[in-house]
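Below is one structure, written out as structure tokens; the observations come after it.
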Amino acid sequence: MVYRLVALILLAPPCAAQTVAQTPQPQYTVVPDVQYCSGGGKPLLMDVFVPQHRSATPVPAVLWIHGGGWEHGDKKSASGAQFLADSGFVTASVSYRLSGDAPFPAAIEDCKCAIRFLRANARRYGIDPERIGVAGSSAGGHLAELVATAGRGAGLEGNGGWPDISSQVQAAASYYGVSDLTQAFPAETVPYLVKFLRGAETEKPDLYRKASPIFYVTRNDPPLLLVHGESDADIPLDQSVRMTAAYRRAGLAVEFVRVKNAGHDFQHIGDAPISPSVETIHRRTVEFFKRYLGGNTSTGTASR
């Protein structure tokens, strides 16, 4: 038995040990469970990711907003915050009120309050308050677009805290997000919208329009990165196509990445590889935020 065990160890392929050895270590420190605001009489929490190696301070910050159809998920879905923090940004992953607890506009009010918190507490985390971005995926992508486009006059600021601080951002990124809720959606997606807005589009057309980032686009909006799978069966690619067109009509900076052989959440579809790869998408996201939020970040590991 001992001989067999030794033999198995000696004959085991070396790649497993190499894989462990090559796994990049996080280049950030996590500050967990930070109360950023309150909503519905309850504390709202975020995790803050502070890069360990910064060439200078303060540095830009990016708020990451998780997906989940507006009805599930929390700040633990922090992959975006992690790879951006690895590249030298101060990041935060936020929990917001979900549609089962509170309908629209609760979620966007919480996300805007999170931006205000980061700006109000910039010195605490070494953030430049004039260089704050937002990013998210799916429902989080929708909320990121809404943070970017809906100004104070939209009535979406809420009363969760920091009322005298701006929720404006200087750059935004959305992975397979919703831009226009008034358009047709697959049957499987409609119940999420109905729950989020407490009614169908035919019943509440004005509310669906109010929840749609595309109707807030003006020439003062920040640069936007849109990334969407061409075979997305949950959120049609046309959502990002239309948002790109709206940005271009307004003369704004927009980058649109169509991901071949990818469905929702960049799920692999078909035999050919996803193009660009998820690693490349992450790298391009880092490059986008560095371009529009400025430098003073570490080189990091964007593909983590």
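In the structure tokens, chains take letters A, B, ... by order of appearance, with residues numbered from 1 within each chain and ligands from 1 in the order shown.
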
According to DSSP computed on the backbone, where in stretch 207-264 of chain A is there alpha helix (DSSP H)? Give the residues as an MDAnalysis selection string.
chainID A and resid 207:210 238:249

Give me the residues near A:Pro58 as a ChimeraX atom specification, where near means some atom within 12 Å (using only C-alpha atoms) and where sequence neighbours in that chain fewer than 3 positions away do not count.
/A:50-51,54-55,61,88-90,119,121-132,293-297

I need the residues from that last selection saved to file as a PDB file, in the first residue's frame (with C-alpha atoms), if you can.
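Wrote again-v7.pdb, looks like this:
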ATOM      1  CA  VAL A  50      -7.540  48.198  -1.714  1.00  0.00           C
ATOM      2  CA  PRO A  51      -4.523  47.478  -3.974  1.00  0.00           C
ATOM      3  CA  ARG A  54       0.330  51.721  -5.736  1.00  0.00           C
ATOM      4  CA  SER A  55       2.852  53.901  -7.519  1.00  0.00           C
ATOM      5  CA  ALA A  61     -11.804  53.818  -8.006  1.00  0.00           C
ATOM      6  CA  GLY A  88      -4.269  48.932  -9.126  1.00  0.00           C
ATOM      7  CA  PHE A  89      -7.739  50.429  -8.815  1.00  0.00           C
ATOM      8  CA  VAL A  90      -9.467  50.802  -5.478  1.00  0.00           C
ATOM      9  CA  ARG A 119     -16.463  59.998  -3.094  1.00  0.00           C
ATOM     10  CA  ASN A 121     -14.714  58.750   1.917  1.00  0.00           C
ATOM     11  CA  ALA A 122     -12.059  59.152  -0.763  1.00  0.00           C
ATOM     12  CA  ARG A 123      -9.276  60.081   1.654  1.00  0.00           C
ATOM     13  CA  ARG A 124     -10.019  57.040   3.828  1.00  0.00           C
ATOM     14  CA  TYR A 125      -9.289  54.639   0.954  1.00  0.00           C
ATOM     15  CA  GLY A 126      -6.773  56.675  -1.044  1.00  0.00           C
ATOM     16  CA  ILE A 127      -9.244  57.440  -3.842  1.00  0.00           C
ATOM     17  CA  ASP A 128      -9.186  60.395  -6.190  1.00  0.00           C
ATOM     18  CA  PRO A 129     -12.784  61.677  -5.884  1.00  0.00           C
ATOM     19  CA  GLU A 130     -12.610  63.115  -9.395  1.00  0.00           C
ATOM     20  CA  ARG A 131     -11.810  59.724 -10.943  1.00  0.00           C
ATOM     21  CA  ILE A 132     -14.519  57.215 -10.070  1.00  0.00           C
ATOM     22  CA  LEU A 293      -9.707  57.482 -15.268  1.00  0.00           C
ATOM     23  CA  GLY A 294      -5.994  58.084 -15.582  1.00  0.00           C
ATOM     24  CA  GLY A 295      -2.891  56.327 -14.291  1.00  0.00           C
ATOM     25  CA  ASN A 296      -1.169  55.941 -10.928  1.00  0.00           C
ATOM     26  CA  THR A 297      -2.232  52.301 -10.762  1.00  0.00           C
TER      27      THR A 297
END

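The two atoms in question, atom CA of A:Asp110 and atom CA of A:Ser174, are spaced 17.5 Å apart.
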
Using only C-alpha atoms, find each residue of stretch 140-174 of chain A with at least one atom at most 12 Å away from an atom of stretch 251-265 of chain A; report its shortest atom-to-atom pair and that distance in Å (one decimal), sort the rows by chain and rising residue number, and return the result as a tab-separated table.
residue	atom	partner	partner_atom	distance
A:Gly140	CA	A:Asp265	CA	11.7
A:Gly141	CA	A:Asp265	CA	11.2
A:Glu145	CA	A:Val254	CA	12.0
A:Thr149	CA	A:Leu252	CA	11.6
A:Gln170	CA	A:Ala253	CA	11.5
A:Ala171	CA	A:Ala253	CA	9.7
A:Ala172	CA	A:Val254	CA	9.6
A:Ala173	CA	A:Glu255	CA	9.2
A:Ser174	CA	A:Phe256	CA	9.8

Go ahead and save the residues from that selection, with C-alpha atoms, as an mmCIF file, in the first residue's frame.
data_model
loop_
_atom_site.group_PDB
_atom_site.id
_atom_site.type_symbol
_atom_site.label_atom_id
_atom_site.label_comp_id
_atom_site.auth_asym_id
_atom_site.auth_seq_id
_atom_site.Cartn_x
_atom_site.Cartn_y
_atom_site.Cartn_z
ATOM 1 C CA GLY A 140 -25.476 45.050 -12.768
ATOM 2 C CA GLY A 141 -24.578 46.256 -16.238
ATOM 3 C CA GLU A 145 -25.350 52.287 -17.348
ATOM 4 C CA THR A 149 -26.436 58.374 -17.654
ATOM 5 C CA GLN A 170 -16.155 59.523 -15.057
ATOM 6 C CA ALA A 171 -16.305 56.183 -16.922
ATOM 7 C CA ALA A 172 -18.584 53.137 -17.070
ATOM 8 C CA ALA A 173 -18.485 49.555 -18.329
ATOM 9 C CA SER A 174 -21.389 47.181 -18.888
#

Would you work out the distance separating atom CA of A:Val241 from atom CA of A:Pro191, expressed in Å to one decimal?
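According to the coordinates, atom CA of A:Val241 and atom CA of A:Pro191 are separated by 23.1 Å.
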
Ranking A:Gln82, A:Thr29, A:Ser167, A:Thr57 by minimum distance to A:His282 and counting only C-alpha atoms, which one comes first?
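Under the stated criterion, the closest residue is A:Gln82.
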
Please list as a ChimeraX atom specification every residue within 10 Å of A:Arg249, counting only C-alpha atoms and excluding residues in the same chain fewer than 3 positions away.
/A:217-219,243-246,252
